[in-house]
$ cat upload-v5.txt   # compact mmCIF, C-alpha atoms and all ligand atoms
# COMPACT_ATOMS: atom_id res chain seq x y z
CA MET A 7 37.50 -43.26 -8.70
CA THR A 8 34.63 -40.81 -8.91
CA VAL A 9 30.83 -40.90 -8.82
CA ARG A 10 28.54 -41.10 -11.85
CA ILE A 11 24.81 -40.48 -12.09
CA LEU A 12 23.28 -43.65 -13.56
CA GLY A 13 19.64 -42.59 -13.60
CA THR A 14 17.20 -39.94 -12.45
CA GLY A 15 13.58 -39.65 -11.32
CA SER A 16 11.23 -36.97 -10.01
CA ALA A 17 7.78 -36.54 -8.53
CA LEU A 18 5.42 -33.57 -8.20
CA PRO A 19 2.21 -33.28 -6.18
CA GLN A 20 -1.02 -33.62 -8.17
CA THR A 21 -2.45 -30.22 -7.25
CA THR A 22 -1.30 -27.26 -9.33
CA VAL A 23 -1.86 -23.65 -8.28
CA THR A 24 -1.49 -20.85 -10.81
CA ASN A 25 -0.52 -17.24 -10.15
CA ASP A 26 -4.11 -16.30 -10.96
CA ASP A 27 -5.32 -18.78 -8.31
CA LEU A 28 -3.08 -17.03 -5.78
CA SER A 29 -4.31 -13.59 -6.81
CA LYS A 30 -7.79 -14.66 -5.65
CA ILE A 31 -6.61 -15.26 -2.08
CA MET A 32 -3.95 -12.53 -1.66
CA ASP A 33 -2.91 -9.14 -3.02
CA THR A 34 -0.73 -10.30 -5.93
CA SER A 35 -0.96 -10.76 -9.70
CA ASP A 36 0.23 -13.06 -12.45
CA GLU A 37 1.99 -10.07 -13.99
CA TRP A 38 4.02 -9.30 -10.80
CA ILE A 39 5.03 -12.90 -10.16
CA ARG A 40 5.93 -13.68 -13.78
CA THR A 41 7.95 -10.55 -14.46
CA ARG A 42 9.83 -10.61 -11.13
CA THR A 43 10.52 -14.37 -11.01
CA GLY A 44 9.49 -16.30 -14.15
CA ILE A 45 7.08 -18.44 -12.09
CA GLY A 46 3.70 -19.35 -13.59
CA THR A 47 2.41 -22.39 -11.70
CA ARG A 48 3.53 -24.46 -8.74
CA HIS A 49 2.62 -27.94 -7.46
CA LEU A 50 1.46 -27.96 -3.83
CA ALA A 51 1.11 -31.08 -1.69
CA LYS A 52 -2.27 -32.00 -0.23
CA GLU A 53 -2.10 -35.77 0.31
CA GLU A 54 1.59 -36.07 -0.57
CA THR A 55 4.38 -35.87 1.98
CA THR A 56 8.10 -35.23 1.63
CA ALA A 57 8.68 -38.97 2.07
CA SER A 58 5.97 -40.08 -0.40
CA LEU A 59 7.33 -37.72 -3.07
CA SER A 60 10.86 -38.96 -2.32
CA VAL A 61 9.82 -42.59 -2.68
CA GLU A 62 8.06 -41.90 -5.99
CA ALA A 63 11.11 -40.06 -7.35
CA ALA A 64 13.42 -42.79 -6.01
CA CYS A 65 11.46 -45.62 -7.68
CA ARG A 66 11.69 -43.79 -11.01
CA ALA A 67 15.43 -43.21 -10.57
CA LEU A 68 16.02 -46.87 -9.73
CA GLU A 69 14.02 -47.93 -12.77
CA ASN A 70 15.82 -45.43 -14.99
CA SER A 71 19.22 -46.66 -13.81
CA GLY A 72 18.44 -50.40 -13.79
CA VAL A 73 19.65 -50.65 -10.19
CA SER A 74 17.69 -52.54 -7.51
CA ALA A 75 16.96 -51.17 -4.04
CA GLN A 76 19.01 -54.03 -2.52
CA GLU A 77 22.12 -52.76 -4.30
CA LEU A 78 22.01 -49.42 -2.48
CA ASP A 79 24.76 -48.84 0.08
CA PHE A 80 23.42 -45.46 1.16
CA ILE A 81 20.44 -43.11 0.83
CA ILE A 82 20.90 -39.39 1.45
CA VAL A 83 17.99 -36.94 1.35
CA GLY A 84 18.65 -33.20 1.18
CA THR A 85 15.61 -31.55 2.79
CA VAL A 86 14.55 -28.89 5.27
CA THR A 87 10.97 -30.15 5.35
CA GLY A 88 11.24 -33.78 6.43
CA ASP A 89 7.85 -35.00 7.67
CA ASN A 90 9.27 -35.84 11.10
CA ILE A 91 12.13 -34.60 13.22
CA THR A 92 12.92 -38.28 13.49
CA PRO A 93 12.95 -40.77 11.82
CA SER A 94 14.66 -39.05 8.93
CA CYS A 95 13.07 -38.88 5.50
CA ALA A 96 15.90 -41.08 4.21
CA CYS A 97 15.03 -43.83 6.73
CA THR A 98 11.36 -43.69 5.68
CA VAL A 99 12.46 -43.97 2.04
CA GLN A 100 14.73 -46.90 2.90
CA ALA A 101 11.85 -48.78 4.54
CA ALA A 102 9.47 -48.10 1.64
CA LEU A 103 12.03 -49.28 -0.92
CA GLY A 104 13.16 -52.29 1.10
CA ALA A 105 16.73 -51.06 0.69
CA ASP A 106 17.80 -52.94 3.79
CA ARG A 107 21.56 -52.77 3.13
CA ALA A 108 21.58 -48.96 2.93
CA ALA A 109 22.72 -46.46 5.55
CA ALA A 110 20.17 -43.65 5.42
CA PHE A 111 20.25 -40.07 6.66
CA ASP A 112 19.10 -36.53 5.80
CA ILE A 113 21.22 -33.45 5.34
CA ASN A 114 20.10 -29.85 5.80
CA ALA A 115 21.73 -27.51 3.30
CA ALA A 116 18.43 -25.96 2.16
CA CYS A 117 18.36 -25.26 -1.60
CA SER A 118 21.93 -26.58 -1.92
CA GLY A 119 20.85 -29.91 -0.38
CA PHE A 120 21.05 -32.01 -3.54
CA LEU A 121 24.54 -30.70 -4.34
CA PHE A 122 25.71 -31.38 -0.78
CA ALA A 123 24.25 -34.91 -1.05
CA LEU A 124 26.09 -35.47 -4.34
CA HIS A 125 29.38 -34.30 -2.83
CA THR A 126 28.86 -36.51 0.24
CA ALA A 127 28.21 -39.45 -2.11
CA TYR A 128 31.45 -38.62 -3.89
CA ALA A 129 33.36 -38.59 -0.59
CA TYR A 130 32.04 -42.03 0.41
CA ILE A 131 32.67 -43.52 -3.02
CA HIS A 132 36.06 -41.89 -3.59
CA ALA A 133 37.19 -43.14 -0.18
CA GLY A 134 36.18 -46.66 -1.18
CA ILE A 135 33.61 -46.95 1.62
CA TYR A 136 30.54 -47.41 -0.59
CA ARG A 137 29.85 -48.20 -4.23
CA THR A 138 26.20 -47.42 -5.03
CA GLY A 139 23.82 -44.86 -3.56
CA LEU A 140 20.62 -42.91 -3.93
CA ILE A 141 20.58 -39.15 -3.47
CA ILE A 142 17.38 -37.15 -3.26
CA GLY A 143 16.35 -33.50 -2.96
CA ALA A 144 12.79 -33.25 -1.61
CA GLU A 145 10.62 -30.54 -0.08
CA VAL A 146 7.08 -29.76 0.97
CA LEU A 147 7.79 -26.09 1.53
CA SER A 148 4.11 -25.17 1.42
CA ARG A 149 3.93 -26.45 5.00
CA ILE A 150 6.39 -23.86 6.33
CA MET A 151 5.26 -20.84 4.29
CA ASP A 152 3.54 -17.87 5.87
CA TRP A 153 0.50 -17.75 3.56
CA THR A 154 -0.18 -14.16 4.68
CA ASP A 155 3.24 -13.04 3.39
CA ARG A 156 2.93 -12.52 -0.37
CA SER A 157 6.64 -11.72 -0.67
CA THR A 158 7.60 -15.35 0.07
CA CYS A 159 4.64 -17.73 -0.35
CA VAL A 160 4.19 -17.12 -4.10
CA LEU A 161 7.78 -18.18 -4.80
CA PHE A 162 7.87 -21.78 -3.69
CA GLY A 163 6.54 -25.18 -4.77
CA ASP A 164 6.72 -28.79 -3.58
CA GLY A 165 8.38 -31.82 -5.20
CA ALA A 166 11.23 -34.31 -5.19
CA GLY A 167 14.07 -35.30 -7.51
CA ALA A 168 16.38 -38.32 -7.18
CA ALA A 169 19.50 -39.78 -8.74
CA VAL A 170 21.17 -43.17 -8.45
CA VAL A 171 24.95 -42.83 -8.25
CA ARG A 172 27.73 -45.40 -8.55
CA ALA A 173 31.52 -45.58 -8.49
CA ASP A 174 32.99 -45.08 -11.97
CA GLU A 175 36.08 -43.83 -13.79
CA THR A 176 34.21 -40.74 -14.98
CA GLY A 177 31.25 -38.68 -13.78
CA LEU A 178 31.85 -35.96 -11.20
CA LEU A 179 34.89 -34.08 -12.53
CA GLY A 180 35.13 -31.33 -9.93
CA PHE A 181 33.10 -29.53 -7.29
CA GLU A 182 33.05 -27.00 -4.52
CA GLN A 183 30.67 -26.19 -1.72
CA GLY A 184 30.58 -23.44 0.86
CA SER A 185 28.64 -21.80 3.62
CA ASP A 186 28.33 -18.33 5.13
CA GLY A 187 26.62 -18.75 8.49
CA GLU A 188 27.14 -15.04 9.27
CA LYS A 189 24.43 -14.24 6.72
CA GLY A 190 22.05 -17.01 7.81
CA VAL A 191 19.51 -14.51 9.08
CA VAL A 192 18.56 -13.34 5.57
CA LEU A 193 16.73 -16.61 4.87
CA SER A 194 15.55 -18.48 7.92
CA CYS A 195 12.86 -20.65 9.43
CA PRO A 196 13.34 -21.02 13.19
CA GLY A 197 10.86 -23.89 13.30
CA ARG A 198 9.30 -25.10 16.50
CA PRO A 199 8.26 -23.06 19.52
CA ASN A 200 10.02 -24.15 22.72
CA ASN A 201 7.77 -26.55 24.65
CA ASN A 202 9.71 -26.27 27.91
CA PRO A 203 7.24 -24.90 30.56
CA LEU A 204 10.15 -23.04 32.23
CA VAL A 205 10.74 -20.97 29.10
CA SER A 206 8.32 -18.28 27.97
CA ASN A 207 7.40 -18.83 24.34
CA PRO A 208 8.41 -16.12 21.91
CA THR A 209 6.20 -15.13 18.99
CA ASP A 210 5.35 -17.81 16.46
CA LEU A 211 8.47 -18.48 14.40
CA ARG A 212 7.32 -21.51 12.43
CA PHE A 213 7.47 -19.90 9.01
CA VAL A 214 10.05 -18.89 6.40
CA HIS A 215 11.35 -15.32 6.59
CA MET A 216 13.40 -13.96 3.72
CA ASP A 217 15.14 -10.72 2.85
CA GLY A 218 14.67 -11.31 -0.88
CA GLN A 219 17.00 -8.58 -2.05
CA GLU A 220 19.89 -9.77 0.15
CA VAL A 221 19.43 -13.36 -1.08
CA TYR A 222 19.29 -12.05 -4.64
CA LYS A 223 22.60 -10.16 -4.22
CA PHE A 224 24.20 -13.25 -2.65
CA ALA A 225 23.02 -15.45 -5.52
CA VAL A 226 24.14 -13.26 -8.41
CA THR A 227 27.65 -12.88 -6.96
CA THR A 228 28.28 -16.28 -5.36
CA VAL A 229 26.87 -18.59 -8.04
CA PRO A 230 28.89 -17.33 -11.03
CA ALA A 231 32.04 -17.09 -8.89
CA SER A 232 31.57 -20.66 -7.65
CA ILE A 233 30.97 -21.98 -11.17
CA ALA A 234 34.01 -20.07 -12.47
CA ARG A 235 36.20 -21.62 -9.75
CA VAL A 236 35.04 -25.16 -10.55
CA LEU A 237 35.60 -24.58 -14.28
CA GLU A 238 39.05 -23.17 -13.61
CA LYS A 239 39.99 -26.08 -11.32
CA THR A 240 38.93 -28.57 -13.99
CA LYS A 241 40.44 -26.53 -16.87
CA THR A 242 37.05 -26.34 -18.57
CA ALA A 243 35.92 -23.36 -20.67
CA PRO A 244 32.28 -22.22 -20.21
CA GLN A 245 31.86 -22.83 -23.96
CA ASP A 246 32.68 -26.53 -23.43
CA VAL A 247 29.81 -26.98 -20.99
CA ARG A 248 26.64 -28.36 -22.62
CA TRP A 249 24.21 -27.43 -19.81
CA PHE A 250 24.18 -25.23 -16.73
CA VAL A 251 21.49 -26.69 -14.46
CA LEU A 252 21.04 -24.02 -11.80
CA HIS A 253 18.85 -23.90 -8.72
CA GLN A 254 15.50 -22.58 -9.90
CA ALA A 255 14.79 -19.59 -7.66
CA ASN A 256 14.32 -16.72 -10.08
CA VAL A 257 14.76 -16.48 -13.84
CA ARG A 258 16.45 -13.09 -13.37
CA ILE A 259 19.15 -14.74 -11.23
CA ILE A 260 19.68 -17.38 -13.93
CA HIS A 261 19.99 -14.70 -16.65
CA SER A 262 22.44 -12.75 -14.53
CA VAL A 263 24.67 -15.82 -14.01
CA GLU A 264 24.48 -16.59 -17.71
CA LYS A 265 25.58 -13.02 -18.62
CA ARG A 266 28.54 -13.20 -16.26
CA LEU A 267 29.70 -16.54 -17.65
CA LYS A 268 29.00 -15.57 -21.27
CA ALA A 269 28.12 -19.18 -22.08
CA GLY A 270 24.90 -18.72 -24.09
CA GLU A 271 21.32 -18.40 -22.84
CA GLU A 272 20.24 -21.66 -24.54
CA LYS A 273 22.50 -23.62 -22.17
CA PHE A 274 20.52 -22.55 -19.09
CA PRO A 275 17.31 -24.61 -18.93
CA VAL A 276 14.47 -23.23 -16.78
CA ASN A 277 11.41 -24.98 -15.33
CA LEU A 278 10.33 -22.22 -12.95
CA ASP A 279 7.24 -21.59 -15.06
CA HIS A 280 5.66 -24.88 -13.92
CA CYS A 281 7.56 -25.85 -10.73
CA ALA A 282 8.47 -22.56 -8.99
CA ASN A 283 11.27 -22.80 -6.41
CA THR A 284 11.33 -26.31 -4.90
CA SER A 285 14.51 -25.70 -2.86
CA ALA A 286 16.65 -28.88 -2.60
CA ALA A 287 14.45 -30.58 -5.20
CA SER A 288 14.86 -28.02 -7.97
CA VAL A 289 18.16 -29.20 -9.50
CA PRO A 290 17.29 -32.94 -9.57
CA ILE A 291 13.75 -32.29 -10.86
CA LEU A 292 15.12 -30.20 -13.73
CA LEU A 293 17.87 -32.74 -14.42
CA ASP A 294 15.27 -35.50 -14.58
CA GLU A 295 13.04 -33.50 -16.92
CA MET A 296 16.03 -33.04 -19.23
CA ASN A 297 16.92 -36.73 -18.99
CA GLN A 298 13.34 -37.75 -19.82
CA LYS A 299 13.32 -35.41 -22.83
CA GLY A 300 16.55 -36.98 -24.14
CA MET A 301 18.51 -33.75 -23.71
CA LEU A 302 21.48 -35.44 -21.99
CA SER A 303 24.03 -37.39 -24.05
CA ARG A 304 26.94 -39.50 -22.87
CA GLY A 305 30.04 -37.32 -22.57
CA ASP A 306 28.13 -34.02 -22.12
CA LYS A 307 29.71 -31.69 -19.59
CA ILE A 308 27.04 -30.47 -17.20
CA VAL A 309 27.31 -27.90 -14.41
CA LEU A 310 24.93 -28.25 -11.46
CA SER A 311 24.78 -25.34 -9.04
CA GLY A 312 22.63 -24.64 -6.01
CA PHE A 313 22.44 -21.88 -3.41
CA GLY A 314 20.18 -20.97 -0.54
CA ALA A 315 19.56 -20.76 3.17
CA GLY A 316 22.42 -21.20 5.57
CA LEU A 317 23.67 -19.44 3.54
CA THR A 318 25.02 -22.31 1.46
CA TRP A 319 26.14 -22.97 -2.09
CA GLY A 320 27.43 -25.91 -4.08
CA THR A 321 28.60 -26.45 -7.67
CA ALA A 322 29.50 -29.64 -9.51
CA LEU A 323 30.88 -30.33 -12.99
CA LEU A 324 29.75 -33.70 -14.35
CA GLU A 325 30.51 -35.71 -17.40
CA TRP A 326 27.24 -37.45 -18.25
O1 LIG B 1 15.87 -20.55 -2.95
C1 LIG B 1 15.92 -19.55 -2.00
C2 LIG B 1 16.54 -18.41 -2.54
N1 LIG B 1 15.62 -17.29 -2.67
C3 LIG B 1 15.80 -16.45 -3.67
O2 LIG B 1 16.63 -16.68 -4.51
C4 LIG B 1 15.01 -15.19 -3.72
C5 LIG B 1 15.88 -14.08 -4.23
N2 LIG B 1 15.15 -12.82 -4.34
C6 LIG B 1 14.25 -12.62 -5.31
O3 LIG B 1 14.05 -13.46 -6.16
C7 LIG B 1 13.55 -11.28 -5.36
O4 LIG B 1 14.15 -10.42 -4.44
C8 LIG B 1 12.04 -11.40 -5.06
C9 LIG B 1 11.33 -12.10 -6.21
C10 LIG B 1 11.80 -12.16 -3.77
C11 LIG B 1 11.42 -10.01 -4.91
O5 LIG B 1 11.67 -9.24 -6.08
P1 LIG B 1 12.15 -7.73 -5.94
O6 LIG B 1 12.27 -7.21 -7.30
O7 LIG B 1 13.39 -7.74 -5.08
O8 LIG B 1 10.91 -7.05 -5.23
P2 LIG B 1 10.87 -6.26 -3.84
O9 LIG B 1 11.06 -7.18 -2.68
O10 LIG B 1 11.78 -5.07 -3.95
O11 LIG B 1 9.39 -5.74 -3.80
C12 LIG B 1 8.93 -4.78 -4.77
C13 LIG B 1 7.49 -4.48 -4.50
C14 LIG B 1 7.20 -4.12 -3.05
O12 LIG B 1 6.23 -3.09 -3.06
P3 LIG B 1 6.66 -1.53 -2.87
O13 LIG B 1 7.34 -1.47 -1.54
O14 LIG B 1 7.60 -1.25 -4.02
O15 LIG B 1 5.37 -0.82 -2.95
C15 LIG B 1 6.58 -5.35 -2.48
O16 LIG B 1 5.68 -5.08 -1.41
O17 LIG B 1 6.69 -5.61 -4.78
C16 LIG B 1 5.82 -5.87 -3.68
N3 LIG B 1 5.54 -7.30 -3.63
C17 LIG B 1 4.55 -7.89 -4.31
N4 LIG B 1 3.61 -7.39 -5.13
C18 LIG B 1 2.75 -8.25 -5.68
C19 LIG B 1 6.22 -8.26 -2.94
N5 LIG B 1 5.66 -9.46 -3.17
C20 LIG B 1 4.64 -9.25 -4.02
C21 LIG B 1 3.70 -10.12 -4.63
N6 LIG B 1 2.78 -9.57 -5.46
N7 LIG B 1 3.70 -11.45 -4.43

$ encode --input "upload-v5.txt" --output "structure tokens"
Amino acid sequence: MTVRILGTGSALPQTTVTNDDLSKIMDTSDEWIRTRTGIGTRHLAKEETTASLSVEAACRALENSGVSAQELDFIIVGTVTGDNITPSCACTVQAALGADRAAAFDINAACSGFLFALHTAYAYIHAGIYRTGLIIGAEVLSRIMDWTDRSTCVLFGDGAGAAVVRADETGLLGFEQGSDGEKGVVLSCPGRPNNNPLVSNPTDLRFVHMDGQEVYKFAVTTVPASIARVLEKTKTAPQDVRWFVLHQANVRIIHSVEKRLKAGEEKFPVNLDHCANTSAASVPILLDEMNQKGMLSRGDKIVLSGFGAGLTWGTALLEW
């Protein structure tokens, strides 16, 4: 028994901010951002929260799958920007949906969060513990950006993507996930200052710090190797895969993976131009856009692959 995606949904904040908008408040340009990353516009949350975006995406996924909230056995949200330390974003989503049978919790695997949630769903379902679940990738990264650091803040956007999953004979055909905590320092966000009066507070560490070139090197080596391993394990040729839905961090990373796999550029959809990097939300948002456009047909083989802070990575091969 494996896990199949029955339906998808996504939600983006109303406010859009173009590269030109950013160039009015910091030393950057549309030309630099577009040529280095492929990003044109991002959605940034003003009124929206990680939970409100998650709920919106979840409602669409439930509607798309024809499953009711009461049927959900579990809700897992992959996020590093939950609105509260506790309760979790997943518990807030559960309450909003009235999914009172569901066990709900968040997982922190940064940009790989949706893949880790999918694999956790598989483990529950394959073990026979649960039958139906909701998995979400959601972020309001704009809240943890250093808006004086042009090398990071122009790269990210906010949003949420969701999928309803259920036990089935086909669906997830193979996967792998991994972590390299030794390299965690290259992409980090320490978070809260220590409030203990006995401890002297260090400098403000609330914001994201990234060594972009190190993350880039990690991505262009780890992602194709991870995909190749999953394809080998499942005896699938890259040519037999209909779509490679990769984490949307940088179009140059996507092109590099595509060249290594020699699978054809047209199989690598990109939505960086209007979403930027939404971390855990990027794979499910793109998957939902493709679903809404009718690009996914029953039986299609689809690779999902995410990578990011931790460092973490995860790849899945699905039959749609
Ligand atoms: O999902 C999380 C995973 N994160 C990633 O995947 C990010 C991976 N890394 C990258 O995508 C790229 O490394 C970046 C897009 C972050 C940076 O591209 P790069 O080609 O590695 O540029 P760089 O860091 O080498 O910077 C080149 C120049 C520097 O100026 P100098 O030293 O050459 O004069 C930067 O100061 O570009 C400058 N720069 C900018 N210029 C205009 C950095 N940020 C900006 C900016 N606008 N926003």

$ closest_residue --input "upload-v5.txt" --among "A:Glu182, A:Asp246, A:Glu77, A:Glu54" --to "Ser311 of chain A" --atoms "all atoms listed in the file"
A:Glu182

$ residues_near_ligand --input "upload-v5.txt" --ligand "ligand LIG 1 (chain B)" --cutoff "6 Å" --atoms "only C-alpha atoms and all ligand atoms" --output "list of chain:residue names"
A:Thr34, A:Ser35, A:Trp38, A:Arg42, A:Thr43, A:Cys117, A:Arg156, A:Ser157, A:Val160, A:Gly218, A:Gln219, A:Val221, A:Tyr222, A:Ala255, A:Asn256, A:Ser285, A:Gly314

$ atom_distance --input "upload-v5.txt" --atom1 "atom CA of Asp33 of chain A" --atom2 "atom CA of Leu292 of chain A"
29.7 Å

$ atom_distance --input "upload-v5.txt" --atom1 "atom CA of Lys239 of chain A" --atom2 "atom CA of Trp319 of chain A"
16.9 Å

$ residues_around --input "upload-v5.txt" --residues "Thr228 of chain A" --least-positions-apart "6" --cutoff "12 Å" --atoms "all atoms listed in the file" --output "JSON list (two decimals) with C-alpha atoms, in the frame of the given file"
[["chain", "number", "residue", "atom", "x", "y", "z"],
["A", 182, "GLU", "CA", 33.05, -27.00, -4.52],
["A", 183, "GLN", "CA", 30.67, -26.19, -1.72],
["A", 184, "GLY", "CA", 30.58, -23.44, 0.86],
["A", 185, "SER", "CA", 28.64, -21.80, 3.62],
["A", 186, "ASP", "CA", 28.33, -18.33, 5.13],
["A", 220, "GLU", "CA", 19.89, -9.77, 0.15],
["A", 221, "VAL", "CA", 19.43, -13.36, -1.08],
["A", 222, "TYR", "CA", 19.29, -12.05, -4.64],
["A", 234, "ALA", "CA", 34.01, -20.07, -12.47],
["A", 235, "ARG", "CA", 36.20, -21.62, -9.75],
["A", 259, "ILE", "CA", 19.15, -14.74, -11.23],
["A", 262, "SER", "CA", 22.44, -12.75, -14.53],
["A", 263, "VAL", "CA", 24.67, -15.82, -14.01],
["A", 266, "ARG", "CA", 28.54, -13.20, -16.26],
["A", 311, "SER", "CA", 24.78, -25.34, -9.04],
["A", 312, "GLY", "CA", 22.63, -24.64, -6.01],
["A", 313, "PHE", "CA", 22.44, -21.88, -3.41],
["A", 314, "GLY", "CA", 20.18, -20.97, -0.54],
["A", 317, "LEU", "CA", 23.67, -19.44, 3.54],
["A", 318, "THR", "CA", 25.02, -22.31, 1.46],
["A", 319, "TRP", "CA", 26.14, -22.97, -2.09],
["A", 320, "GLY", "CA", 27.43, -25.91, -4.08],
["A", 321, "THR", "CA", 28.60, -26.45, -7.67]]

$ axis_aligned_box --input "upload-v5.txt" --around "segment 323-326 of chain A" --padding-each-side "8 Å" --output "lines of an AutoDock Vina configuration file"
center_x = 29.1
center_y = -33.9
center_z = -15.6
size_x = 19.6
size_y = 23.1
size_z = 21.3

$ residues_around --input "upload-v5.txt" --residues "Val276 of chain A" --least-positions-apart "5" --cutoff "10 Å" --atoms "all atoms listed in the file" --output "mmCIF file with C-alpha atoms, in the frame of the given file"
data_model
loop_
_atom_site.group_PDB
_atom_site.id
_atom_site.type_symbol
_atom_site.label_atom_id
_atom_site.label_comp_id
_atom_site.auth_asym_id
_atom_site.auth_seq_id
_atom_site.Cartn_x
_atom_site.Cartn_y
_atom_site.Cartn_z
ATOM 1 C CA GLY A 44 9.490 -16.300 -14.150
ATOM 2 C CA ILE A 45 7.080 -18.440 -12.090
ATOM 3 C CA PHE A 250 24.180 -25.230 -16.730
ATOM 4 C CA VAL A 251 21.490 -26.690 -14.460
ATOM 5 C CA LEU A 252 21.040 -24.020 -11.800
ATOM 6 C CA HIS A 253 18.850 -23.900 -8.720
ATOM 7 C CA GLN A 254 15.500 -22.580 -9.900
ATOM 8 C CA ALA A 255 14.790 -19.590 -7.660
ATOM 9 C CA ASN A 256 14.320 -16.720 -10.080
ATOM 10 C CA VAL A 257 14.760 -16.480 -13.840
ATOM 11 C CA ILE A 260 19.680 -17.380 -13.930
ATOM 12 C CA CYS A 281 7.560 -25.850 -10.730
ATOM 13 C CA ALA A 282 8.470 -22.560 -8.990
ATOM 14 C CA LEU A 292 15.120 -30.200 -13.730
#
